[in-house]
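Q: Input structure: entry_29.cif, which contains mmCIF, C-alpha atoms.
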data_my_file
loop_
_atom_site.label_atom_id
_atom_site.label_comp_id
_atom_site.auth_asym_id
_atom_site.auth_seq_id
_atom_site.Cartn_x
_atom_site.Cartn_y
_atom_site.Cartn_z
CA MET J 1 68.32 68.24 93.32
CA ARG J 2 70.75 65.97 95.15
CA VAL J 3 73.50 67.61 97.21
CA SER J 4 76.39 66.17 99.20
CA VAL J 5 77.90 68.20 102.00
CA THR J 6 80.12 67.70 105.01
CA VAL J 7 78.77 69.41 108.10
CA ASN J 8 80.88 69.49 111.26
CA GLY J 9 82.88 66.54 109.93
CA HIS J 10 79.87 64.38 109.03
CA ALA J 11 78.91 63.59 105.44
CA PHE J 12 75.29 64.09 104.34
CA GLU J 13 73.52 63.49 101.05
CA ARG J 14 70.02 64.87 100.64
CA ASP J 15 67.47 65.99 98.05
CA VAL J 16 66.83 69.72 98.29
CA GLU J 17 64.55 72.17 96.51
CA GLU J 18 66.35 74.66 94.26
CA HIS J 19 64.93 77.61 96.17
CA TRP J 20 66.03 76.38 99.60
CA THR J 21 68.60 78.53 101.32
CA LEU J 22 71.56 76.88 103.01
CA LEU J 23 70.01 77.96 106.32
CA ARG J 24 66.74 76.18 105.55
CA PHE J 25 68.64 73.08 104.50
CA LEU J 26 70.60 73.03 107.75
CA ARG J 27 67.51 73.60 109.90
CA ASP J 28 64.74 71.72 108.07
CA GLY J 29 66.78 69.23 106.06
CA LEU J 30 69.39 68.24 108.62
CA GLY J 31 67.64 69.24 111.86
CA MET J 32 70.47 71.52 112.92
CA THR J 33 68.51 74.40 114.40
CA GLY J 34 71.40 76.20 116.09
CA SER J 35 71.77 78.64 113.21
CA LYS J 36 68.91 81.14 113.32
CA GLU J 37 67.01 83.23 110.81
CA GLY J 38 66.83 86.82 112.02
CA CYS J 39 66.38 89.15 109.07
CA GLY J 40 66.79 86.78 106.12
CA ALA J 41 68.60 89.58 104.28
CA GLY J 42 72.25 89.43 105.35
CA GLU J 43 71.97 92.20 107.92
CA CYS J 44 71.86 90.48 111.31
CA GLY J 45 74.29 87.54 111.07
CA ALA J 46 72.21 85.15 113.24
CA CYS J 47 72.57 82.58 110.44
CA THR J 48 76.38 82.84 110.21
CA VAL J 49 78.06 79.52 109.40
CA GLU J 50 81.41 78.65 107.91
CA LEU J 51 81.39 77.51 104.29
CA ASN J 52 84.66 76.13 102.91
CA GLY J 53 86.61 77.91 105.63
CA LYS J 54 84.90 81.31 105.33
CA THR J 55 82.01 82.77 107.31
CA VAL J 56 78.87 83.41 105.28
CA ASN J 57 75.26 84.39 105.89
CA SER J 58 73.54 81.05 105.31
CA CYS J 59 70.28 82.88 104.55
CA LEU J 60 71.97 84.30 101.43
CA ALA J 61 73.29 81.07 99.93
CA LEU J 62 71.33 78.38 98.15
CA ALA J 63 71.61 74.80 99.36
CA VAL J 64 72.25 73.66 95.78
CA GLU J 65 75.21 76.04 95.51
CA VAL J 66 77.13 74.35 98.31
CA ASP J 67 77.12 70.86 96.79
CA GLY J 68 80.48 69.27 97.62
CA GLY J 69 81.18 71.90 100.27
CA THR J 70 82.40 71.74 103.84
CA ILE J 71 80.31 73.51 106.45
CA ALA J 72 80.85 74.26 110.11
CA THR J 73 77.95 75.31 112.35
CA VAL J 74 77.60 76.07 116.03
CA GLU J 75 76.59 72.43 116.58
CA GLY J 76 80.22 71.51 115.95
CA GLU J 77 81.56 73.78 118.72
CA ALA J 78 80.93 71.76 121.88
CA ASP J 79 82.67 68.41 122.21
CA HIS J 80 80.28 65.85 123.72
CA GLY J 81 78.59 68.50 125.80
CA ARG J 82 81.82 70.23 126.79
CA LEU J 83 81.67 73.86 125.68
CA SER J 84 84.36 75.25 123.38
CA GLU J 85 86.66 77.97 124.72
CA ILE J 86 84.58 80.63 123.01
CA GLN J 87 81.27 79.25 124.26
CA ALA J 88 82.64 78.96 127.80
CA ALA J 89 83.91 82.56 127.64
CA PHE J 90 80.46 83.72 126.48
CA ALA J 91 78.84 81.93 129.43
CA ARG J 92 81.40 83.23 131.96
CA ASN J 93 81.01 86.82 130.82
CA HIS J 94 77.20 86.82 130.54
CA ALA J 95 77.49 87.49 126.82
CA VAL J 96 74.16 85.75 126.22
CA GLN J 97 70.76 87.12 127.10
CA CYS J 98 68.02 85.85 124.80
CA GLY J 99 70.61 83.81 122.92
CA PHE J 100 69.16 84.30 119.44
CA CYS J 101 72.32 85.95 118.09
CA THR J 102 74.74 83.67 119.94
CA ALA J 103 75.17 80.89 117.39
CA GLY J 104 76.10 83.34 114.65
CA MET J 105 78.15 85.47 117.02
CA VAL J 106 80.18 82.45 118.13
CA MET J 107 80.87 81.50 114.50
CA SER J 108 82.10 85.03 113.70
CA VAL J 109 84.27 85.16 116.82
CA ARG J 110 85.76 81.76 115.98
CA ASP J 111 86.66 83.08 112.53
CA LEU J 112 88.03 86.35 113.95
CA LEU J 113 90.27 84.61 116.48
CA ARG J 114 91.63 82.31 113.82
CA ARG J 115 92.59 85.29 111.67
CA ASN J 116 93.67 87.41 114.62
CA PRO J 117 94.34 85.51 117.89
CA LYS J 118 94.77 88.68 120.01
CA PRO J 119 92.34 91.26 118.65
CA THR J 120 92.05 94.74 120.15
CA VAL J 121 88.63 96.03 121.23
CA GLU J 122 88.36 97.93 117.93
CA GLU J 123 89.27 94.80 115.96
CA ILE J 124 86.69 92.78 117.89
CA LYS J 125 84.03 95.36 117.05
CA ASP J 126 84.99 95.16 113.38
CA GLY J 127 85.00 91.35 113.56
CA ILE J 128 81.42 91.15 114.86
CA GLU J 129 80.20 94.02 112.69
CA GLY J 130 77.97 91.63 110.76
CA ASN J 131 76.31 90.17 113.87
CA PHE J 132 73.56 92.07 115.64
CA CYS J 133 72.77 91.57 119.31
CA ARG J 134 69.65 93.36 120.48
CA CYS J 135 69.98 92.51 124.19
CA THR J 136 73.47 92.87 125.62
CA GLY J 137 74.67 96.07 124.05
CA TYR J 138 77.80 94.17 123.00
CA GLU J 139 79.84 95.03 126.09
CA GLN J 140 79.77 91.52 127.55
CA ILE J 141 80.35 90.01 124.11
CA VAL J 142 83.50 92.09 123.64
CA GLU J 143 84.61 91.02 127.13
CA ALA J 144 83.95 87.38 126.25
CA VAL J 145 86.13 87.68 123.16
CA LEU J 146 88.91 89.33 125.17
CA ASP J 147 88.53 86.49 127.69
CA ALA J 148 88.58 83.78 125.03
CA SER J 149 91.76 85.31 123.60
CA GLY J 150 93.44 85.44 127.02
CA GLN J 151 93.31 89.24 127.25
CA LEU J 152 90.85 89.78 130.09
CA ASP J 153 92.07 90.06 133.62
CA ALA J 154 90.34 91.28 136.77
CA SER J 155 91.57 94.83 136.21
CA SER J 156 90.15 95.22 132.71
CA LYS J 157 86.82 93.52 133.48
CA GLY J 158 84.06 96.08 133.62
CA ALA J 159 86.33 98.82 132.31
CA LEU J 160 84.91 98.58 128.80
CA LYS J 161 82.01 100.94 129.24
CA TYR J 162 80.36 102.34 126.14
CA VAL J 163 82.27 100.15 123.69
CA MET W 1 62.03 82.01 100.31
CA THR W 2 59.26 80.32 98.36
CA ALA W 3 59.71 81.57 94.78
CA ARG W 4 60.47 78.67 92.45
CA PHE W 5 63.22 78.68 89.88
CA SER W 6 65.49 76.22 88.17
CA TYR W 7 69.18 76.24 89.03
CA ALA W 8 72.18 75.49 86.85
CA ALA W 9 75.89 75.65 87.62
CA PRO W 10 77.70 75.07 84.32
CA THR W 11 81.40 74.34 84.43
CA ARG W 12 82.16 75.47 80.89
CA ARG W 13 81.98 79.01 79.51
CA ASP W 14 80.17 78.01 76.27
CA GLU W 15 77.62 76.03 78.27
CA LEU W 16 76.99 79.03 80.51
CA LEU W 17 76.61 81.49 77.62
CA SER W 18 74.22 79.09 75.82
CA LEU W 19 72.14 78.79 78.94
CA LEU W 20 71.96 82.59 79.28
CA ALA W 21 71.03 82.90 75.59
CA ASP W 22 68.29 80.25 75.89
CA SER W 23 66.87 81.66 79.11
CA GLY W 24 66.88 85.31 77.95
CA ALA W 25 65.30 87.80 80.32
CA GLY W 26 64.13 84.99 82.63
CA ALA W 27 67.69 84.23 83.67
CA ARG W 28 69.53 85.81 86.57
CA VAL W 29 73.22 85.33 87.14
CA LEU W 30 74.19 84.10 90.60
CA ALA W 31 77.66 84.95 91.89
CA GLY W 32 77.78 85.89 95.59
CA GLY W 33 74.00 86.00 95.84
CA THR W 34 74.02 88.74 98.45
CA ASP W 35 71.85 91.02 96.30
CA LEU W 36 70.03 88.46 94.16
CA LEU W 37 68.79 86.15 96.92
CA GLY W 38 67.54 89.12 98.94
CA ASP W 39 65.67 90.35 95.87
CA VAL W 40 64.20 86.89 95.20
CA ARG W 41 63.04 86.68 98.79
CA SER W 42 61.38 90.09 98.69
CA GLY W 43 59.82 89.43 95.29
CA LEU W 44 61.82 92.14 93.51
CA ALA W 45 63.45 89.47 91.33
CA ARG W 46 61.44 86.59 89.88
CA PRO W 47 63.92 84.58 87.85
CA ALA W 48 62.84 81.45 85.99
CA THR W 49 66.43 80.27 85.91
CA VAL W 50 69.29 81.04 88.25
CA VAL W 51 72.66 80.56 86.57
CA ASP W 52 75.58 80.12 88.95
CA VAL W 53 78.90 81.36 87.51
CA LYS W 54 81.13 80.11 90.31
CA ARG W 55 81.98 76.71 88.83
CA VAL W 56 83.44 77.98 85.56
CA ASP W 57 87.19 77.55 85.45
CA GLY W 58 89.08 80.84 85.78
CA TYR W 59 86.08 82.95 86.79
CA ALA W 60 87.42 83.40 90.32
CA ASP W 61 90.77 84.68 89.01
CA LEU W 62 92.11 88.05 90.01
CA VAL W 63 95.10 88.77 87.79
CA TRP W 64 97.45 91.73 87.62
CA SER W 65 100.05 92.53 85.02
CA ALA W 66 101.96 95.69 84.22
CA THR W 67 100.72 95.61 80.62
CA ASP W 68 97.02 94.80 81.14
CA GLY W 69 96.41 96.11 84.63
CA LEU W 70 93.97 94.34 86.93
CA ILE W 71 91.53 91.74 85.59
CA ILE W 72 88.66 90.88 87.92
CA GLY W 73 86.68 87.73 87.09
CA PRO W 74 82.94 87.43 87.78
CA ALA W 75 83.39 85.22 90.86
CA VAL W 76 86.09 87.35 92.56
CA THR W 77 84.79 88.33 96.00
CA ILE W 78 85.32 91.57 97.86
CA ASN W 79 87.53 89.73 100.36
CA ASP W 80 89.56 88.25 97.48
CA VAL W 81 90.38 91.84 96.52
CA LEU W 82 91.18 92.79 100.11
CA SER W 83 93.47 89.81 100.63
CA SER W 84 95.49 90.39 97.45
CA PRO W 85 98.89 91.95 98.28
CA THR W 86 99.15 93.21 94.68
CA VAL W 87 95.82 95.04 94.84
CA ARG W 88 96.64 96.46 98.24
CA GLU W 89 99.82 97.94 96.83
CA ALA W 90 98.65 99.10 93.41
CA TYR W 91 95.01 100.10 93.95
CA PRO W 92 94.53 101.62 97.43
CA LEU W 93 91.24 103.22 96.36
CA LEU W 94 89.78 99.82 95.45
CA VAL W 95 90.83 98.56 98.87
CA ALA W 96 89.32 101.57 100.65
CA CYS W 97 85.95 101.04 98.97
CA ALA W 98 86.02 97.25 99.47
CA GLN W 99 86.76 97.67 103.17
CA ASP W 100 83.64 99.75 103.63
CA LEU W 101 81.33 97.31 101.85
CA ALA W 102 78.95 95.58 104.29
CA SER W 103 80.21 92.99 106.80
CA HIS W 104 82.92 90.34 106.75
CA GLN W 105 80.39 87.58 106.00
CA ILE W 106 78.99 89.54 103.06
CA ARG W 107 82.48 90.40 101.79
CA ASN W 108 83.29 86.68 101.77
CA ARG W 109 80.50 86.11 99.24
CA ALA W 110 79.70 89.38 97.46
CA THR W 111 81.61 89.93 94.24
CA VAL W 112 83.04 93.08 92.65
CA VAL W 113 81.23 92.28 89.40
CA GLY W 114 77.96 91.65 91.25
CA ASN W 115 78.21 94.96 93.10
CA VAL W 116 78.49 96.74 89.76
CA ALA W 117 75.90 94.54 88.01
CA ASN W 118 73.30 95.29 90.66
CA ALA W 119 73.78 98.98 89.83
CA SER W 120 72.59 100.33 93.13
CA PRO W 121 73.21 104.09 93.38
CA CYS W 122 74.86 103.42 96.76
CA ALA W 123 77.15 100.58 95.61
CA ASP W 124 80.56 100.97 97.23
CA MET W 125 82.73 99.66 94.41
CA SER W 126 81.33 101.94 91.69
CA PRO W 127 82.97 105.21 92.84
CA ALA W 128 86.37 103.49 92.82
CA LEU W 129 85.85 101.87 89.43
CA LEU W 130 84.75 105.21 87.92
CA CYS W 131 87.88 106.95 89.24
CA LEU W 132 90.12 104.07 88.13
CA ARG W 133 88.80 104.24 84.53
CA ALA W 134 87.63 100.64 84.67
CA THR W 135 85.89 98.94 81.77
CA VAL W 136 83.35 96.15 81.83
CA VAL W 137 83.56 93.22 79.42
CA LEU W 138 80.15 91.85 78.42
CA SER W 139 80.11 88.45 76.75
CA SER W 140 77.39 86.48 75.02
CA LEU W 141 77.19 83.81 72.35
CA ASN W 142 77.56 86.65 69.83
CA GLY W 143 80.93 87.73 71.18
CA SER W 144 82.24 90.30 73.64
CA ARG W 145 82.02 94.08 73.94
CA GLU W 146 83.94 96.38 76.24
CA ILE W 147 82.08 99.25 77.92
CA PRO W 148 83.69 101.97 80.05
CA VAL W 149 82.12 102.05 83.53
CA THR W 150 81.17 105.68 82.77
CA GLU W 151 78.73 104.36 80.13
CA PHE W 152 77.61 101.24 81.99
CA PHE W 153 74.90 102.58 84.30
CA THR W 154 71.67 103.84 82.71
CA GLY W 155 69.64 104.46 85.87
CA ALA W 156 69.00 103.20 89.39
CA LYS W 157 69.48 99.44 89.17
CA ARG W 158 69.69 99.72 85.38
CA THR W 159 72.65 98.96 83.13
CA VAL W 160 73.46 98.35 79.47
CA VAL W 161 73.65 94.57 80.03
CA ALA W 162 71.28 92.87 77.57
CA PRO W 163 69.49 89.53 78.07
CA GLY W 164 71.92 86.73 77.26
CA GLU W 165 74.94 88.78 78.31
CA LEU W 166 77.31 88.10 81.17
CA ILE W 167 79.73 90.53 82.79
CA GLU W 168 82.74 88.33 82.22
CA ARG W 169 85.34 90.62 83.74
CA ILE W 170 86.18 94.11 84.89
CA LEU W 171 89.44 95.62 83.66
CA ILE W 172 91.33 98.31 85.51
CA PRO W 173 94.04 99.81 83.32
CA PRO W 174 97.66 99.96 84.48
CA GLU W 175 97.64 103.78 84.04
CA THR W 176 95.62 104.24 87.22
CA ALA W 177 97.78 101.89 89.30
CA ASN W 178 99.62 103.44 92.24
CA ALA W 179 97.33 106.46 92.42
CA ARG W 180 96.54 107.85 95.83
CA GLY W 181 92.99 107.08 96.88
CA ALA W 182 90.55 107.60 99.73
CA TYR W 183 86.89 106.73 100.31
CA ARG W 184 84.66 108.50 102.78
CA LYS W 185 81.26 106.92 103.40
CA LEU W 186 78.56 108.42 105.58
CA LYS W 187 76.52 105.80 107.41
CA ARG W 188 73.85 105.90 110.11
CA ILE W 189 75.94 103.68 112.37
CA LYS W 190 79.62 102.81 112.75
CA GLY W 191 78.99 99.19 111.73
CA HIS W 192 77.94 97.90 108.33
CA ASP W 193 75.29 100.00 106.64
CA LEU W 194 74.26 101.28 103.25
CA GLY W 195 75.88 104.60 102.45
CA ILE W 196 73.99 107.89 102.81
CA VAL W 197 76.74 109.56 100.82
CA GLY W 198 79.99 108.08 99.49
CA VAL W 199 82.92 110.08 98.16
CA ALA W 200 85.97 108.49 96.55
CA ALA W 201 88.94 110.69 95.67
CA MET W 202 91.87 109.69 93.52
CA SER W 203 94.96 111.70 92.61
CA LYS W 204 97.79 110.85 90.28
CA ASP W 205 100.27 112.96 88.33
CA GLY W 206 98.59 116.19 89.40
CA ALA W 207 95.11 115.12 88.26
CA LEU W 208 92.20 114.60 90.63
CA ARG W 209 89.00 112.59 90.17
CA LEU W 210 86.01 112.06 92.41
CA GLY W 211 83.52 109.20 92.43
CA ILE W 212 80.27 109.89 94.28
CA SER W 213 77.60 107.41 95.35
CA SER W 214 74.04 107.81 96.65
CA CYS W 215 73.62 111.28 95.15
CA ALA W 216 71.94 110.50 91.82
CA ALA W 217 70.26 107.59 90.05
CA THR W 218 73.72 106.38 89.05
CA PRO W 219 77.14 106.71 90.64
CA LEU W 220 78.82 109.92 89.49
CA LEU W 221 82.29 110.80 88.23
CA VAL W 222 83.84 114.26 88.51
CA GLU W 223 86.99 114.59 86.44
CA GLY W 224 89.23 117.21 84.86
CA LEU W 225 90.20 118.59 88.26
CA SER W 226 93.69 119.55 89.35
CA ALA W 227 95.10 117.94 92.48
CA GLN W 228 96.26 121.46 93.41
CA ALA W 229 92.80 123.02 93.05
CA PRO W 230 91.45 124.76 96.17
CA ALA W 231 88.98 122.62 98.13
CA ASP W 232 86.15 125.13 97.51
CA GLU W 233 86.57 124.71 93.78
CA VAL W 234 86.51 120.89 94.04
CA VAL W 235 83.40 120.96 96.24
CA ALA W 236 81.69 123.28 93.74
CA ALA W 237 82.54 120.89 90.90
CA ALA W 238 81.08 118.00 92.90
CA HIS W 239 77.92 119.92 93.80
CA ALA W 240 77.41 120.78 90.14
CA VAL W 241 76.83 117.14 89.16
CA LEU W 242 74.61 115.99 92.06
CA SER W 243 70.92 115.25 91.71
CA PRO W 244 70.13 113.73 95.10
CA ILE W 245 66.71 112.71 96.35
CA SER W 246 65.23 112.74 99.84
CA ASP W 247 64.48 109.24 101.06
CA VAL W 248 64.15 107.11 104.18
CA ARG W 249 67.81 107.67 105.05
CA CYS W 250 68.04 111.45 104.78
CA THR W 251 67.02 114.57 102.89
CA LYS W 252 68.58 115.76 99.64
CA GLU W 253 69.78 118.92 101.43
CA TYR W 254 71.70 116.82 103.96
CA ARG W 255 73.21 114.69 101.20
CA THR W 256 74.34 117.81 99.34
CA HIS W 257 75.86 119.30 102.47
CA MET W 258 77.66 116.09 103.42
CA VAL W 259 79.17 115.70 99.96
CA GLY W 260 80.96 118.97 100.66
CA VAL W 261 82.17 117.77 104.05
CA TYR W 262 83.31 114.41 102.72
CA VAL W 263 85.00 115.82 99.60
CA ARG W 264 87.12 118.02 101.89
CA ARG W 265 88.01 115.06 104.13
CA ALA W 266 88.85 112.79 101.20
CA LEU W 267 90.97 115.56 99.64
CA ARG W 268 93.09 115.82 102.77
CA GLU W 269 93.81 112.10 102.49
CA VAL W 270 94.94 112.16 98.86
CA ALA W 271 96.82 115.48 99.03
#
The structure given in the file should be rewritten as C-alpha cells.

A:
Amino acid sequence: MRVSVTVNGHAFERDVEEHWTLLRFLRDGLGMTGSKEGCGAGECGACTVELNGKTVNSCLALAVEVDGGTIATVEGEADHGRLSEIQAAFARNHAVQCGFCTAGMVMSVRDLLRRNPKPTVEEIKDGIEGNFCRCTGYEQIVEAVLDASGQLDASSKGALKYV
Amino acid sequence: MTARFSYAAPTRRDELLSLLADSGAGARVLAGGTDLLGDVRSGLARPATVVDVKRVDGYADLVWSATDGLIIGPAVTINDVLSSPTVREAYPLLVACAQDLASHQIRNRATVVGNVANASPCADMSPALLCLRATVVLSSLNGSREIPVTEFFTGAKRTVVAPGELIERILIPPETANARGAYRKLKRIKGHDLGIVGVAAMSKDGALRLGISSCAATPLLVEGLSAQAPADEVVAAAHAVLSPISDVRCTKEYRTHMVGVYVRRALREVA
C-alpha cells in the first residue's frame, strides 16, 4: 500500500506492507534508525515519536494508518550536527549511558516541555512515565530536564537523590 | 510483527459497516491499536482484515449536552477525555480513571471504546463506566442496539459484541453528571502499570456505587449502598462480589485484602 508522510519536515512516499508498524517503516523503509524497538508492546517508550503533534509508541501504530500524517523523530532534533537544547542538556548532565532509551526519552521530554515549560520534579517523572531507562536510574535524566527548562543551578545539582 | 492481514480505512459509516459484515469474525476493529497491535504481534489475535475506524467523520467526537449526557465516539482517545474541560467538570470519576491508564503516549492513542471493547478484567475505564451507568451502542448493517455496560461483559476478554458489529458510541447519562468520584489503583510501581486491584467510588444524592477491576473475570459493580453507610459495611458489600484469582501479579488473598484498603481510601475521597 502506498503511503505519503512528512517526517521532520521532509515529504516521503513509499510502498509499505499492511503489517508494518510505523517504527519498522521509519527504520527499514526510511533508514531512520534513531527510534528503537525495546519491548514492541508499548511499555518501554524507546520507539516514541511524534505523530500529528502528539507522542505515540511507533511500535503500536501501523505505517498504513499514518498516511497523510506529520511525524517528528529524534533525527529532527539536531540542526546540522548542532544538538538541540534538550540533547545538549542530556549530554551535560550525563543522562545517557547505553543510549538505547535516549531517542524516545528526548521525544517525550520535548513534548512535556512544550506542554509545561517549567515542570516540577514530580511532573517530570509523570512526563517520562512511559519511557524506561535501565541504566541511569533516572536521576540524571530528571536533572537534564530541569537543566533544559532553566531550573537547574549549582545548588540543586546532585540534590535530587532517590527521585 | 509478521502476521499478514489486509487493511481498510473507510471514510463512510455504511462502507465501514458493510466491510465488518462481509469480513465477519475475521475482522478486527482498529482504533488506537494499543491492545490490538500487541495481540497481533504476540499471536493472540489473527485478523484477516483490520478495519480502521479513525477516518469516519464524527467518530472522534466527544459531545456533551444536558439532555443526552456525554457521547463518546469510537475514536475518542483517553487524552481527548482528559483535555475536555466539560468532562473534567462533569465527570471527575471518568477523569480519575483516565489519568491512571498507562502512559502519556498510550493515552494519546488508546480509546475509551477500545478499552471497553478489549474487555480486560483490569481495564481502567470500566469501573468508571459501570458507576456512571453508561450504555454501549452496537451498530451493524441490521441496525443498532443499546446495551448497559452492566450487561456488556460476558467473561475475561469476552463481550456481547457479535461479528459484524461495531461499538459506535458510549453514552453516559446526564443523571450521573457532577457526582463525586475517586479511583484507587494498586500497581507494582509508581509509573504506568496494569492494575493489581482498582476501586472506583462514586457518590451522588446520598447513593454510593463502587466499580472494581482485576478481582473477577469481568469488572464488577456494587450498588444500592448509602453514601452514609459505615466503611465496614461498604467493604463487606465489596468483598461479597469478588471472585479473584492468584496470578503472576499477586495472590487472591492479597487482592481481597487490598480491595478493603482501597475501598476505605476511595470512600474518604468521595465523602

Q: Would you mind reading off the distance between atom CA of Arg180 of chain W and atom CA of Ala66 of chain W, one decimal, in Å?

A: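 According to the coordinates, atom CA of Arg180 of chain W and atom CA of Ala66 of chain W are separated by 17.7 Å.
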
Q: Once you count all atoms listed in the file, which residues of chain W turn out to be within 12 Å of chain J? Could you give them as number ranges by chain?

A: W: 1-10, 30-42, 46-55, 77, 79-80, 83, 99-110, 189-194

Q: So the first atom is atom CA of Pro121 of chain W and the second is atom CA of Cys215 of chain W; what is the distance between them in Å, to one decimal place?

A: 7.4 Å

Q: Given the choices W:Lys157, W:Lys185, W:His239, W:Arg209, which gets closest to His257 of chain W if the distance is worked out from all atoms listed in the file?

A: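 Among the listed residues, W:His239 lies closest to His257 of chain W.
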
Q: By how many Å are atom CA of Leu93 of chain W and atom CA of Thr150 of chain W apart?

A: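 Answer for the atom CA of Leu93 of chain W to atom CA of Thr150 of chain W separation: 17.1 Å.
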
Q: Just want the 9 Å neighbourhood of Ala148 of chain J, counted on only C-alpha atoms, with same-chain residues fewer than 2 positions away dropped. Output as a short mmCIF file (atom, residue, chain, number, x, y, z; two decimals) with C-alpha atoms, in the frame of the given file.

A:
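Written file, out_19.cif:
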data_model
loop_
_atom_site.label_atom_id
_atom_site.label_comp_id
_atom_site.auth_asym_id
_atom_site.auth_seq_id
_atom_site.Cartn_x
_atom_site.Cartn_y
_atom_site.Cartn_z
CA GLU J 85 86.66 77.97 124.72
CA ILE J 86 84.58 80.63 123.01
CA GLN J 87 81.27 79.25 124.26
CA ALA J 88 82.64 78.96 127.80
CA ALA J 89 83.91 82.56 127.64
CA PHE J 90 80.46 83.72 126.48
CA LEU J 113 90.27 84.61 116.48
CA GLU J 143 84.61 91.02 127.13
CA ALA J 144 83.95 87.38 126.25
CA VAL J 145 86.13 87.68 123.16
CA LEU J 146 88.91 89.33 125.17
CA GLY J 150 93.44 85.44 127.02
CA GLN J 151 93.31 89.24 127.25
CA LEU J 152 90.85 89.78 130.09
#

Q: Using only C-alpha atoms, which residue out of W:Glu253, W:Asp124, W:Glu89, W:Glu165 lies closest to Tyr183 of chain W?

A: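 Among the listed residues, W:Asp124 lies closest to Tyr183 of chain W.
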
Q: Find, counting all atoms listed in the file, the residue in W:Ala75, W:Val259, W:Leu94, W:Ala128 that gets nearest to Leu242 of chain W.

A: W:Val259

Q: Using the chain letters and numbering of this document, enumerate as a compact mmCIF listing (two decimals) with C-alpha atoms, keeping the file's coordinate frame the residues selected by the PyMOL selection byres ((chain W and resi 196-208) around 6).

A:
# COMPACT_ATOMS: atom_id res chain seq x y z
CA PRO W 127 82.97 105.21 92.84
CA ALA W 179 97.33 106.46 92.42
CA ARG W 180 96.54 107.85 95.83
CA GLY W 181 92.99 107.08 96.88
CA ALA W 182 90.55 107.60 99.73
CA TYR W 183 86.89 106.73 100.31
CA ARG W 184 84.66 108.50 102.78
CA LYS W 185 81.26 106.92 103.40
CA LEU W 186 78.56 108.42 105.58
CA LYS W 187 76.52 105.80 107.41
CA GLY W 195 75.88 104.60 102.45
CA ARG W 209 89.00 112.59 90.17
CA LEU W 210 86.01 112.06 92.41
CA GLY W 211 83.52 109.20 92.43
CA ILE W 212 80.27 109.89 94.28
CA SER W 213 77.60 107.41 95.35
CA SER W 214 74.04 107.81 96.65
CA LEU W 225 90.20 118.59 88.26
CA SER W 226 93.69 119.55 89.35
CA ALA W 227 95.10 117.94 92.48
CA ALA W 266 88.85 112.79 101.20

Q: May I have the residues within 9 Å of Arg264 of chain W as number ranges by chain, using only C-alpha atoms and disregarding those fewer than 6 positions away in the same chain?

A: W: 231-232, 234-235

Q: Take the PyMOL selection byres ((chain W and resi 19-25) around 8), run it mentally on this structure, and tell me the resulting residues as a list in words.

A: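 Residues picked by the PyMOL selection byres ((chain W and resi 19-25) around 8): Glu15, Leu16, Leu17, Ser18, Gly26, Ala27, Arg28, Ala48, Thr49, Val51, Ser140, Leu141, Pro163, Gly164, Glu165 and Leu166 of chain W.
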
Q: List the residues sitting within 12 Å of (89.0, 75.0, 104.4) in the file's frame, using only C-alpha atoms, as a VMD selection string.

A: chain J and resid 6 8 to 9 50 to 55 69 to 72 111

Q: Kindly resolve the PyMOL selection byres ((chain W and resi 133) around 10) on the present coordinates and return the residues as a PDB file with C-alpha atoms, keeping the file's coordinate frame.

A:
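Done, and the output landed in selection_34.pdb:
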ATOM      1  CA  ALA W 128      86.370 103.490  92.820  1.00  0.00           C
ATOM      2  CA  LEU W 129      85.850 101.870  89.430  1.00  0.00           C
ATOM      3  CA  LEU W 130      84.750 105.210  87.920  1.00  0.00           C
ATOM      4  CA  CYS W 131      87.880 106.950  89.240  1.00  0.00           C
ATOM      5  CA  LEU W 132      90.120 104.070  88.130  1.00  0.00           C
ATOM      6  CA  ALA W 134      87.630 100.640  84.670  1.00  0.00           C
ATOM      7  CA  THR W 135      85.890  98.940  81.770  1.00  0.00           C
ATOM      8  CA  PRO W 148      83.690 101.970  80.050  1.00  0.00           C
ATOM      9  CA  VAL W 149      82.120 102.050  83.530  1.00  0.00           C
ATOM     10  CA  THR W 150      81.170 105.680  82.770  1.00  0.00           C
ATOM     11  CA  LEU W 171      89.440  95.620  83.660  1.00  0.00           C
ATOM     12  CA  ILE W 172      91.330  98.310  85.510  1.00  0.00           C
ATOM     13  CA  PRO W 173      94.040  99.810  83.320  1.00  0.00           C
ATOM     14  CA  PRO W 174      97.660  99.960  84.480  1.00  0.00           C
ATOM     15  CA  GLU W 175      97.640 103.780  84.040  1.00  0.00           C
ATOM     16  CA  THR W 176      95.620 104.240  87.220  1.00  0.00           C
ATOM     17  CA  LEU W 221      82.290 110.800  88.230  1.00  0.00           C
TER      18      LEU W 221
END

Q: Between W:Gln228, W:Asn142, W:Thr154, W:Asn115, which is the closest to Ile170 of chain W once you count only C-alpha atoms?

A: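 Result for the nearest residue to Ile170 of chain W: W:Asn115.
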
Q: Anything within 12 Å of (65.9, 66.6, 106.8): list those residues as a short mmCIF file (atom, residue, chain, number, x, y, z; two decimals) with C-alpha atoms, keeping the file's coordinate frame, counting only C-alpha atoms and sticking to the file's coordinates.

A:
data_model
loop_
_atom_site.label_atom_id
_atom_site.label_comp_id
_atom_site.auth_asym_id
_atom_site.auth_seq_id
_atom_site.Cartn_x
_atom_site.Cartn_y
_atom_site.Cartn_z
CA PHE J 12 75.29 64.09 104.34
CA GLU J 13 73.52 63.49 101.05
CA ARG J 14 70.02 64.87 100.64
CA ASP J 15 67.47 65.99 98.05
CA VAL J 16 66.83 69.72 98.29
CA GLU J 17 64.55 72.17 96.51
CA ARG J 24 66.74 76.18 105.55
CA PHE J 25 68.64 73.08 104.50
CA LEU J 26 70.60 73.03 107.75
CA ARG J 27 67.51 73.60 109.90
CA ASP J 28 64.74 71.72 108.07
CA GLY J 29 66.78 69.23 106.06
CA LEU J 30 69.39 68.24 108.62
CA GLY J 31 67.64 69.24 111.86
CA MET J 32 70.47 71.52 112.92
CA THR J 33 68.51 74.40 114.40
#

Q: Nearest to Val5 of chain J: which of J:Gly137, J:Pro119, J:Gly76, J:Gly68 is it, counting all atoms listed in the file?

A: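 Using all atoms listed in the file, the shortest distance to Val5 of chain J belongs to J:Gly68.
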